[in-house]
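Pasting target_24.pdb here (PDB, C-alpha atoms and all ligand atoms):
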```pdb
MODEL        1
ATOM      1  CA  MET A   1     100.449  83.125 108.139
ATOM      2  CA  ASP A   2      97.123  84.445 109.355
ATOM      3  CA  ILE A   3      95.910  86.901 106.736
ATOM      4  CA  LYS A   4      93.063  88.201 108.875
ATOM      5  CA  VAL A   5      95.401  88.960 111.788
ATOM      6  CA  ASN A   6      97.915  90.614 109.451
ATOM      7  CA  LEU A   7      95.173  92.789 107.986
ATOM      8  CA  GLU A   8      94.097  93.907 111.440
ATOM      9  CA  THR A   9      97.689  94.702 112.381
ATOM     10  CA  VAL A  10      98.240  96.692 109.192
ATOM     11  CA  LYS A  11      94.963  98.605 109.532
ATOM     12  CA  LYS A  12      95.687  99.406 113.167
ATOM     13  CA  SER A  13      99.023 100.926 112.232
ATOM     14  CA  PHE A  14      97.551 103.306 109.637
ATOM     15  CA  VAL A  15      98.486 106.920 110.264
ATOM     16  CA  ASN A  16      95.463 107.922 108.180
ATOM     17  CA  PRO A  17      92.544 105.543 108.769
ATOM     18  CA  ASP A  18      90.776 106.893 105.661
ATOM     19  CA  CYS A  19      93.608 105.851 103.371
ATOM     20  CA  GLN A  20      92.459 103.112 101.031
ATOM     21  CA  LEU A  21      94.136  99.737 101.324
ATOM     22  CA  ILE A  22      94.905  97.770  98.159
ATOM     23  CA  ALA A  23      95.878  94.205  99.054
ATOM     24  CA  VAL A  24      98.670  93.223  96.675
ATOM     25  CA  SER A  25      98.043  89.559  95.978
ATOM     26  CA  LYS A  26     100.476  88.988  93.091
ATOM     27  CA  THR A  27     101.957  85.456  93.027
ATOM     28  CA  LYS A  28      99.611  84.389  95.853
ATOM     29  CA  PRO A  29      97.112  81.532  95.458
ATOM     30  CA  ILE A  30      93.380  82.186  95.190
ATOM     31  CA  GLU A  31      92.782  80.815  98.722
ATOM     32  CA  ASP A  32      94.782  83.747 100.091
ATOM     33  CA  LEU A  33      92.656  86.232  98.153
ATOM     34  CA  LYS A  34      89.515  84.545  99.425
ATOM     35  CA  ALA A  35      90.769  84.777 103.004
ATOM     36  CA  ALA A  36      91.413  88.504 102.548
ATOM     37  CA  TYR A  37      87.992  88.925 100.937
ATOM     38  CA  ALA A  38      86.370  87.154 103.895
ATOM     39  CA  ALA A  39      88.173  89.605 106.162
ATOM     40  CA  GLY A  40      86.559  92.501 104.291
ATOM     41  CA  ILE A  41      89.046  93.344 101.527
ATOM     42  CA  ARG A  42      87.519  94.224  98.155
ATOM     43  CA  ASP A  43      90.494  95.869  96.438
ATOM     44  CA  PHE A  44      93.243  93.613  95.105
ATOM     45  CA  GLY A  45      96.442  94.614  93.339
ATOM     46  CA  GLU A  46      98.083  92.434  90.707
ATOM     47  CA  ASN A  47     100.963  93.156  88.350
ATOM     48  CA  LYS A  48     100.420  90.587  85.601
ATOM     49  CA  VAL A  49      97.514  90.585  83.179
ATOM     50  CA  GLN A  50      97.545  86.800  82.903
ATOM     51  CA  GLU A  51      97.290  86.428  86.649
ATOM     52  CA  ILE A  52      94.360  88.859  86.911
ATOM     53  CA  GLN A  53      92.644  86.967  84.105
ATOM     54  CA  ALA A  54      93.094  83.677  85.928
ATOM     55  CA  LYS A  55      91.974  84.974  89.326
ATOM     56  CA  GLN A  56      89.100  87.229  88.302
ATOM     57  CA  PRO A  57      86.533  84.462  87.535
ATOM     58  CA  GLU A  58      87.364  82.775  90.861
ATOM     59  CA  MET A  59      86.483  85.798  92.951
ATOM     60  CA  PRO A  60      83.109  87.411  93.772
ATOM     61  CA  ALA A  61      81.848  89.901  91.204
ATOM     62  CA  ASN A  62      82.274  92.915  93.482
ATOM     63  CA  THR A  63      86.040  92.364  93.765
ATOM     64  CA  ARG A  64      87.904  95.430  92.484
ATOM     65  CA  TRP A  65      91.015  94.702  90.428
ATOM     66  CA  HIS A  66      93.906  97.139  90.454
ATOM     67  CA  MET A  67      96.610  96.742  87.828
ATOM     68  CA  ILE A  68      99.726  97.958  89.624
ATOM     69  CA  GLY A  69     102.535  96.741  87.381
ATOM     70  CA  HIS A  70     103.982  97.724  84.061
ATOM     71  CA  LEU A  71     101.299  97.105  81.435
ATOM     72  CA  GLN A  72     102.052  96.101  77.859
ATOM     73  CA  SER A  73      99.922  97.739  75.189
ATOM     74  CA  ASN A  74      98.915  94.463  73.555
ATOM     75  CA  LYS A  75      97.445  93.162  76.842
ATOM     76  CA  ILE A  76      95.199  96.101  77.759
ATOM     77  CA  LYS A  77      92.237  94.542  75.992
ATOM     78  CA  TYR A  78      92.129  91.591  78.387
ATOM     79  CA  ILE A  79      91.501  93.738  81.470
ATOM     80  CA  ALA A  80      89.827  96.794  79.889
ATOM     81  CA  PRO A  81      86.257  95.543  80.470
ATOM     82  CA  PHE A  82      86.546  95.175  84.240
ATOM     83  CA  VAL A  83      89.744  96.696  85.670
ATOM     84  CA  HIS A  84      88.924  99.108  88.504
ATOM     85  CA  LEU A  85      92.063 101.237  88.261
ATOM     86  CA  ILE A  86      95.293 101.047  86.272
ATOM     87  CA  HIS A  87      98.005 102.469  88.549
ATOM     88  CA  GLY A  88     101.017 102.083  86.311
ATOM     89  CA  VAL A  89     100.425 104.303  83.302
ATOM     90  CA  ASP A  90     104.045 105.131  82.618
ATOM     91  CA  SER A  91     103.964 106.620  79.117
ATOM     92  CA  PHE A  92     101.730 108.759  76.924
ATOM     93  CA  LYS A  93     101.793 105.991  74.361
ATOM     94  CA  LEU A  94     100.271 103.569  76.883
ATOM     95  CA  LEU A  95      97.644 106.112  77.924
ATOM     96  CA  LYS A  96      96.613 106.546  74.281
ATOM     97  CA  GLU A  97      96.371 102.766  73.877
ATOM     98  CA  ILE A  98      94.177 102.483  76.963
ATOM     99  CA  ASP A  99      91.967 105.232  75.542
ATOM    100  CA  LYS A 100      91.721 103.320  72.281
ATOM    101  CA  GLN A 101      90.703 100.100  74.027
ATOM    102  CA  GLY A 102      88.178 102.008  76.139
ATOM    103  CA  LYS A 103      86.650 103.439  72.992
ATOM    104  CA  LYS A 104      86.314  99.980  71.455
ATOM    105  CA  ILE A 105      84.209  98.706  74.351
ATOM    106  CA  ASP A 106      82.655 102.077  75.197
ATOM    107  CA  ARG A 107      84.045 102.170  78.710
ATOM    108  CA  ILE A 108      85.874 105.035  80.388
ATOM    109  CA  ILE A 109      88.874 103.477  82.089
ATOM    110  CA  PRO A 110      90.138 104.961  85.369
ATOM    111  CA  VAL A 111      93.921 105.359  85.540
ATOM    112  CA  LEU A 112      96.731 106.893  87.541
ATOM    113  CA  ILE A 113      99.809 108.461  86.009
ATOM    114  CA  GLN A 114     102.937 106.798  87.344
ATOM    115  CA  MET A 115     105.689 109.282  88.120
ATOM    116  CA  HIS A 116     109.322 108.269  88.402
ATOM    117  CA  ILE A 117     110.223 109.529  91.876
ATOM    118  CA  ALA A 118     112.937 107.032  92.868
ATOM    119  CA  GLU A 119     116.659 107.310  92.396
ATOM    120  CA  GLU A 120     116.856 103.938  90.674
ATOM    121  CA  GLU A 121     116.830 103.907  86.908
ATOM    122  CA  SER A 122     114.885 100.662  86.888
ATOM    123  CA  LYS A 123     111.556 101.993  88.132
ATOM    124  CA  PHE A 124     109.010 102.965  85.523
ATOM    125  CA  GLY A 125     107.250 106.263  85.223
ATOM    126  CA  PHE A 126     107.093 109.718  83.708
ATOM    127  CA  ASP A 127     109.699 112.293  84.527
ATOM    128  CA  ARG A 128     108.632 115.889  84.893
ATOM    129  CA  ALA A 129     109.525 116.892  81.331
ATOM    130  CA  GLU A 130     107.604 113.965  79.846
ATOM    131  CA  LEU A 131     104.568 114.871  81.908
ATOM    132  CA  GLU A 132     104.636 118.504  80.767
ATOM    133  CA  GLU A 133     105.054 117.429  77.186
ATOM    134  CA  MET A 134     102.010 115.175  77.445
ATOM    135  CA  LEU A 135      99.859 117.815  79.134
ATOM    136  CA  ASP A 136     100.743 120.317  76.400
ATOM    137  CA  SER A 137     100.023 117.922  73.571
ATOM    138  CA  PRO A 138      96.826 118.392  71.497
ATOM    139  CA  ASP A 139      96.496 114.585  71.515
ATOM    140  CA  PHE A 140      96.112 114.716  75.263
ATOM    141  CA  GLY A 141      93.114 117.030  75.132
ATOM    142  CA  ALA A 142      91.544 114.712  72.560
ATOM    143  CA  LEU A 143      91.390 111.649  74.851
ATOM    144  CA  THR A 144      87.840 110.486  75.481
ATOM    145  CA  HIS A 145      87.874 107.075  77.215
ATOM    146  CA  VAL A 146      90.250 107.456  80.133
ATOM    147  CA  ARG A 147      89.763 109.197  83.446
ATOM    148  CA  ILE A 148      92.930 110.266  85.211
ATOM    149  CA  MET A 149      92.195 109.862  88.912
ATOM    150  CA  GLY A 150      95.598 110.896  90.212
ATOM    151  CA  LEU A 151      99.236 109.943  90.508
ATOM    152  CA  MET A 152     101.200 106.880  91.546
ATOM    153  CA  GLY A 153     104.817 106.562  92.605
ATOM    154  CA  MET A 154     107.310 104.140  94.115
ATOM    155  CA  ALA A 155     110.062 105.381  96.393
ATOM    156  CA  THR A 156     113.658 104.215  96.205
ATOM    157  CA  PHE A 157     114.337 100.853  97.844
ATOM    158  CA  THR A 158     116.477 102.148 100.697
ATOM    159  CA  GLU A 159     116.789 102.207 104.483
ATOM    160  CA  ASN A 160     117.053 105.984 104.306
ATOM    161  CA  GLN A 161     113.684 107.165 105.626
ATOM    162  CA  ASP A 162     114.466 110.800 104.870
ATOM    163  CA  GLN A 163     115.000 110.028 101.236
ATOM    164  CA  ILE A 164     111.756 108.036 101.013
ATOM    165  CA  ARG A 165     109.912 110.881 102.702
ATOM    166  CA  LYS A 166     111.429 113.425 100.340
ATOM    167  CA  GLU A 167     110.338 111.416  97.293
ATOM    168  CA  PHE A 168     106.767 111.017  98.555
ATOM    169  CA  ARG A 169     106.632 114.692  99.471
ATOM    170  CA  GLY A 170     107.709 115.599  95.953
ATOM    171  CA  LEU A 171     104.888 113.522  94.491
ATOM    172  CA  LYS A 172     102.345 115.177  96.772
ATOM    173  CA  GLN A 173     103.668 118.611  95.772
ATOM    174  CA  LEU A 174     103.319 117.774  92.109
ATOM    175  CA  PHE A 175      99.773 116.517  92.774
ATOM    176  CA  GLU A 176      98.794 119.811  94.436
ATOM    177  CA  GLU A 177     100.418 121.817  91.690
ATOM    178  CA  LEU A 178      98.531 119.906  88.998
ATOM    179  CA  LYS A 179      95.272 120.355  90.886
ATOM    180  CA  SER A 180      95.650 124.104  90.704
ATOM    181  CA  ARG A 181      96.059 123.995  86.919
ATOM    182  CA  ASN A 182      93.502 124.253  84.205
ATOM    183  CA  LEU A 183      93.387 120.681  82.896
ATOM    184  CA  PRO A 184      90.795 118.834  80.776
ATOM    185  CA  GLU A 185      87.713 117.549  82.556
ATOM    186  CA  PHE A 186      88.779 113.916  82.359
ATOM    187  CA  VAL A 187      91.613 114.758  84.746
ATOM    188  CA  GLN A 188      90.044 114.419  88.191
ATOM    189  CA  LEU A 189      92.934 114.444  90.612
ATOM    190  CA  LYS A 190      91.716 112.648  93.726
ATOM    191  CA  GLU A 191      94.165 109.861  94.477
ATOM    192  CA  ILE A 192      97.845 109.541  95.293
ATOM    193  CA  SER A 193      98.835 105.883  95.239
ATOM    194  CA  MET A 194     102.047 105.686  97.246
ATOM    195  CA  GLY A 195     103.292 103.389  99.977
ATOM    196  CA  MET A 196     104.027  99.650 100.208
ATOM    197  CA  SER A 197     104.673  97.265 103.123
ATOM    198  CA  GLY A 198     107.962  98.918 104.032
ATOM    199  CA  ASP A 199     107.026 102.573 103.691
ATOM    200  CA  TYR A 200     103.253 103.021 103.939
ATOM    201  CA  LYS A 201     103.375 104.939 107.209
ATOM    202  CA  ILE A 202     105.724 107.545 105.753
ATOM    203  CA  ALA A 203     103.558 107.659 102.616
ATOM    204  CA  GLN A 204     100.430 108.304 104.685
ATOM    205  CA  GLU A 205     102.183 111.037 106.645
ATOM    206  CA  GLU A 206     103.016 112.638 103.309
ATOM    207  CA  GLY A 207      99.466 112.530 101.976
ATOM    208  CA  SER A 208      98.919 109.153 100.342
ATOM    209  CA  THR A 209      95.267 108.278  99.676
ATOM    210  CA  MET A 210      95.962 104.675  98.592
ATOM    211  CA  VAL A 211      98.581 102.233  99.795
ATOM    212  CA  ARG A 212      99.509  99.042  97.945
ATOM    213  CA  ILE A 213     100.433  96.441 100.555
ATOM    214  CA  GLY A 214     101.484  92.884  99.770
ATOM    215  CA  SER A 215     103.965  91.093 102.005
ATOM    216  CA  ALA A 216     102.721  92.631 105.275
ATOM    217  CA  ILE A 217      99.356  90.954 104.548
ATOM    218  CA  PHE A 218     100.162  87.789 102.605
ATOM    219  CA  GLY A 219     103.740  87.107 103.713
ATOM    220  CA  SER A 220     106.891  87.331 101.658
ATOM    221  CA  ARG A 221     106.908  86.217  98.018
ATOM    222  CA  SER A 222     109.315  83.578  96.793
TER     223      SER A 222
HETATM  224  C1  LIG B 301     104.637  94.203  94.683
HETATM  225  C2  LIG B 301     104.203  95.615  94.677
HETATM  226  C3  LIG B 301     103.690  96.224  95.830
HETATM  227  C4  LIG B 301     103.590  95.543  97.175
HETATM  228  O1  LIG B 301     104.852  95.341  97.721
HETATM  229  P1  LIG B 301     105.056  94.849  99.249
HETATM  230  O2  LIG B 301     106.407  95.314  99.588
HETATM  231  O3  LIG B 301     104.922  93.371  99.228
HETATM  232  O4  LIG B 301     103.998  95.498 100.062
HETATM  233  C5  LIG B 301     103.246  97.538  95.716
HETATM  234  N1  LIG B 301     103.307  98.203  94.554
HETATM  235  C6  LIG B 301     103.800  97.660  93.434
HETATM  236  C7  LIG B 301     103.829  98.462  92.189
HETATM  237  C8  LIG B 301     104.269  96.353  93.456
HETATM  238  O5  LIG B 301     104.767  95.821  92.329
ENDMDL
END
```
How does this structure look as structure tokens?
Amino acid sequence: MDIKVNLETVKKSFVNPDCQLIAVSKTKPIEDLKAAYAAGIRDFGENKVQEIQAKQPEMPANTRWHMIGHLQSNKIKYIAPFVHLIHGVDSFKLLKEIDKQGKKIDRIIPVLIQMHIAEEESKFGFDRAELEEMLDSPDFGALTHVRIMGLMGMATFTENQDQIRKEFRGLKQLFEELKSRNLPEFVQLKEISMGMSGDYKIAQEEGSTMVRIGSAIFGSRS
């Protein structure tokens, strides 16, 4: 498994060369992260707080840590001081907790709102009604220590490319619609985090600005 070669192959196959690559290093040993860093990667995606905590001191200070998994409220405090972007904000309750932790340490924490775009029940995220409810809530306007940088979504795990494309397209449409609305200043819609090893080309064709790629770089996970 040559991480540098894999990275070159992945980058070469980008439909949009400006799309940001997040190297998803969950479950992988620190040597693999260091190899990716040496090959120029600065953005790493992890889905467990404990694992980020363990890896963070081992990596250079300019490494950017992306929390891409489901985050439990009681663990926010461990990553709040340094996390670069929390992709998986899947409830208003969690967003309020992140705001609270940000306030405690006087840091504005960048986040993405995770939308449920897949057919599967199991994937986390807001549905449309929950999103509208949050945006209409007075509590939402009162947030002070989060910055919503955009949306994140995971497509259905399927061979059906048309379905994947349709789900990504729906997320992009929602993104554009939200951009045209009058939202509080801390909502700065710039990023759409969509696309993984199996579907990043479709995601880029549909307007992704960030792809989260693991196995195509680091090999399959056990
Ligand atoms: C694991 C994971 C990825 C990367 O998946 P690959 O198929 O290995 O590229 C991307 N996003 C999320 C949210 C993940 O949990």
From the list A:Ile217, A:Ser91, A:Glu185, A:Gly150, which residue is nearest Ala23 in chain A when using only C-alpha atoms?
A:Ile217
First collect every listed atom of range 42-53 of chain A; then fit an axis-aligned box around them, widen it by 8 Å on each side, and give centre and edge lengths in Å to one decimal, as AutoDock Vina command-line options.
```
--center_x 94.2 --center_y 91.1 --center_z 90.5 --size_x 29.4 --size_y 25.4 --size_z 31.3
```
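The residues sitting within 6 Å of ligand LIG 301 (chain B), with only C-alpha atoms and all ligand atoms considered, come out as Val24, Ile68, Gly69, Met196, Ser197, Gly198, Arg212, Ile213, Gly214 and Ser215 of chain A.
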Listing only residues of range 105-204 of chain A within 8 Å of range 83-86 of chain A, what is the closest atom pair and its distance in Å (to one decimal) for each, using all atoms listed in the file, sorted by chain and residue number ascending, as CSV?
```
residue,atom,partner,partner_atom,distance
A:Ile109,CA,A:Leu85,CA,7.3
A:Pro110,CA,A:Leu85,CA,5.1
A:Val111,CA,A:Ile86,CA,4.6
A:Leu112,CA,A:Ile86,CA,6.2
```
Using all atoms listed in the file and a cutoff of 10 Å, can you tell me which residues are near (93.5, 86.2, 103.3) in the file's coordinates, and write them out as a PyMOL selection string?
chain A and resi 1-7+23+25+28-41+217-218
Residues matched by the PyMOL selection byres (((chain A and resi 174) around 12) and not hetatm) as a ChimeraX atom specification
/A:113-117,127-128,131-132,150-153,167-173,175-181,189,192,207
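The residues caught by the PyMOL selection byres (((chain A and resi 134) around 12) and not hetatm) in this file are A:Asp90, A:Ser91, A:Phe92, A:Lys93, A:Leu94, A:Leu95, A:Lys96, A:Ile113, A:Phe126, A:Asp127, A:Arg128, A:Ala129, A:Glu130, A:Leu131, A:Glu132, A:Glu133, A:Leu135, A:Asp136, A:Ser137, A:Pro138, A:Asp139, A:Phe140, A:Gly141, A:Ala142, A:Leu143, A:Leu183.
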Could you state the separation of CA of Gln20 in chain A and CA of Asp99 in chain A in Å, given to one decimal place?
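Going from CA of Gln20 in chain A over to CA of Asp99 in chain A covers 25.6 Å.
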At what distance in Å, to one decimal, does CA of Asn160 in chain A lie from CA of Glu205 in chain A?
15.9 Å
The PyMOL selection byres (((chain A and resi 122) around 12) and not hetatm) applied to the shown file, residues as a PyMOL selection string:
chain A and resi 70+116-121+123-125+154-157
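With CA of Thr144 in chain A on one side and CA of Pro57 in chain A on the other, the separation reads 28.7 Å.
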Judged by only C-alpha atoms, the minimum distance to Arg64 in chain A among A:Lys48, A:Phe82, A:Val146, A:Ile202 is found for A:Phe82
Saving range 107-188 of chain A with C-alpha atoms, as a PDB file, in the first residue's frame, what would that file be?
```pdb
ATOM      1  CA  ARG A 107     -13.469  30.055  20.326  1.00  0.00           C
ATOM      2  CA  ILE A 108     -15.836  30.169  17.366  1.00  0.00           C
ATOM      3  CA  ILE A 109     -16.093  26.606  16.123  1.00  0.00           C
ATOM      4  CA  PRO A 110     -16.557  25.960  12.391  1.00  0.00           C
ATOM      5  CA  VAL A 111     -19.202  23.341  11.583  1.00  0.00           C
ATOM      6  CA  LEU A 112     -21.214  21.816   8.776  1.00  0.00           C
ATOM      7  CA  ILE A 113     -24.839  20.797   9.084  1.00  0.00           C
ATOM      8  CA  GLN A 114     -25.260  17.141   8.197  1.00  0.00           C
ATOM      9  CA  MET A 115     -28.340  16.498   6.089  1.00  0.00           C
ATOM     10  CA  HIS A 116     -29.929  13.078   5.802  1.00  0.00           C
ATOM     11  CA  ILE A 117     -29.935  12.525   2.039  1.00  0.00           C
ATOM     12  CA  ALA A 118     -29.685   8.718   1.868  1.00  0.00           C
ATOM     13  CA  GLU A 119     -32.469   6.194   1.695  1.00  0.00           C
ATOM     14  CA  GLU A 120     -31.108   4.248   4.650  1.00  0.00           C
ATOM     15  CA  GLU A 121     -32.581   4.979   8.038  1.00  0.00           C
ATOM     16  CA  SER A 122     -29.230   4.389   9.690  1.00  0.00           C
ATOM     17  CA  LYS A 123     -27.431   7.485   8.436  1.00  0.00           C
ATOM     18  CA  PHE A 124     -27.453  10.515  10.683  1.00  0.00           C
ATOM     19  CA  GLY A 125     -28.563  13.979   9.770  1.00  0.00           C
ATOM     20  CA  PHE A 126     -31.303  16.576   9.673  1.00  0.00           C
ATOM     21  CA  ASP A 127     -34.330  16.092   7.507  1.00  0.00           C
ATOM     22  CA  ARG A 128     -35.816  19.095   5.782  1.00  0.00           C
ATOM     23  CA  ALA A 129     -38.472  19.751   8.428  1.00  0.00           C
ATOM     24  CA  GLU A 130     -35.929  19.628  11.253  1.00  0.00           C
ATOM     25  CA  LEU A 131     -33.717  22.078   9.410  1.00  0.00           C
ATOM     26  CA  GLU A 132     -36.567  24.546   8.872  1.00  0.00           C
ATOM     27  CA  GLU A 133     -37.579  24.247  12.483  1.00  0.00           C
ATOM     28  CA  MET A 134     -34.044  25.054  13.604  1.00  0.00           C
ATOM     29  CA  LEU A 135     -33.676  28.010  11.241  1.00  0.00           C
ATOM     30  CA  ASP A 136     -36.964  29.459  12.508  1.00  0.00           C
ATOM     31  CA  SER A 137     -36.083  29.033  16.155  1.00  0.00           C
ATOM     32  CA  PRO A 138     -35.144  32.130  18.221  1.00  0.00           C
ATOM     33  CA  ASP A 139     -32.462  29.966  19.871  1.00  0.00           C
ATOM     34  CA  PHE A 140     -30.794  29.610  16.510  1.00  0.00           C
ATOM     35  CA  GLY A 141     -30.397  33.347  16.024  1.00  0.00           C
ATOM     36  CA  ALA A 142     -28.911  33.557  19.518  1.00  0.00           C
ATOM     37  CA  LEU A 143     -25.912  31.291  18.793  1.00  0.00           C
ATOM     38  CA  THR A 144     -22.604  33.095  19.181  1.00  0.00           C
ATOM     39  CA  HIS A 145     -19.725  30.576  19.080  1.00  0.00           C
ATOM     40  CA  VAL A 146     -20.343  28.469  15.999  1.00  0.00           C
ATOM     41  CA  ARG A 147     -19.823  29.293  12.354  1.00  0.00           C
ATOM     42  CA  ILE A 148     -21.862  27.252   9.910  1.00  0.00           C
ATOM     43  CA  MET A 149     -19.639  26.829   6.864  1.00  0.00           C
ATOM     44  CA  GLY A 150     -21.995  24.679   4.822  1.00  0.00           C
ATOM     45  CA  LEU A 151     -23.621  21.292   4.497  1.00  0.00           C
ATOM     46  CA  MET A 152     -22.499  17.680   4.622  1.00  0.00           C
ATOM     47  CA  GLY A 153     -24.216  14.561   3.346  1.00  0.00           C
ATOM     48  CA  MET A 154     -23.663  10.866   2.708  1.00  0.00           C
ATOM     49  CA  ALA A 155     -25.338   9.146  -0.214  1.00  0.00           C
ATOM     50  CA  THR A 156     -26.993   5.749  -0.010  1.00  0.00           C
ATOM     51  CA  PHE A 157     -24.603   2.795  -0.130  1.00  0.00           C
ATOM     52  CA  THR A 158     -25.684   1.456  -3.511  1.00  0.00           C
ATOM     53  CA  GLU A 159     -24.407   0.525  -6.965  1.00  0.00           C
ATOM     54  CA  ASN A 160     -27.091   2.750  -8.452  1.00  0.00           C
ATOM     55  CA  GLN A 161     -25.138   5.768  -9.705  1.00  0.00           C
ATOM     56  CA  ASP A 162     -28.298   7.627 -10.681  1.00  0.00           C
ATOM     57  CA  GLN A 163     -29.604   7.443  -7.167  1.00  0.00           C
ATOM     58  CA  ILE A 164     -26.300   8.659  -5.700  1.00  0.00           C
ATOM     59  CA  ARG A 165     -26.266  11.514  -8.190  1.00  0.00           C
ATOM     60  CA  LYS A 166     -29.842  12.444  -7.356  1.00  0.00           C
ATOM     61  CA  GLU A 167     -29.057  12.582  -3.631  1.00  0.00           C
ATOM     62  CA  PHE A 168     -25.976  14.762  -4.131  1.00  0.00           C
ATOM     63  CA  ARG A 169     -27.896  17.011  -6.502  1.00  0.00           C
ATOM     64  CA  GLY A 170     -30.592  17.459  -3.878  1.00  0.00           C
ATOM     65  CA  LEU A 171     -28.006  18.544  -1.321  1.00  0.00           C
ATOM     66  CA  LYS A 172     -26.510  21.056  -3.743  1.00  0.00           C
ATOM     67  CA  GLN A 173     -29.990  22.429  -4.483  1.00  0.00           C
ATOM     68  CA  LEU A 174     -30.691  22.872  -0.801  1.00  0.00           C
ATOM     69  CA  PHE A 175     -27.310  24.607  -0.405  1.00  0.00           C
ATOM     70  CA  GLU A 176     -28.138  27.102  -3.173  1.00  0.00           C
ATOM     71  CA  GLU A 177     -31.590  27.686  -1.779  1.00  0.00           C
ATOM     72  CA  LEU A 178     -30.209  28.414   1.689  1.00  0.00           C
ATOM     73  CA  LYS A 179     -27.627  30.776   0.225  1.00  0.00           C
ATOM     74  CA  SER A 180     -30.370  32.899  -1.260  1.00  0.00           C
ATOM     75  CA  ARG A 181     -32.082  33.258   2.123  1.00  0.00           C
ATOM     76  CA  ASN A 182     -31.679  35.865   4.770  1.00  0.00           C
ATOM     77  CA  LEU A 183     -29.820  33.946   7.481  1.00  0.00           C
ATOM     78  CA  PRO A 184     -27.794  35.132  10.499  1.00  0.00           C
ATOM     79  CA  GLU A 185     -24.249  36.285   9.849  1.00  0.00           C
ATOM     80  CA  PHE A 186     -22.671  33.227  11.439  1.00  0.00           C
ATOM     81  CA  VAL A 187     -24.098  31.171   8.580  1.00  0.00           C
ATOM     82  CA  GLN A 188     -21.478  31.464   5.841  1.00  0.00           C
TER      83      GLN A 188
END
```
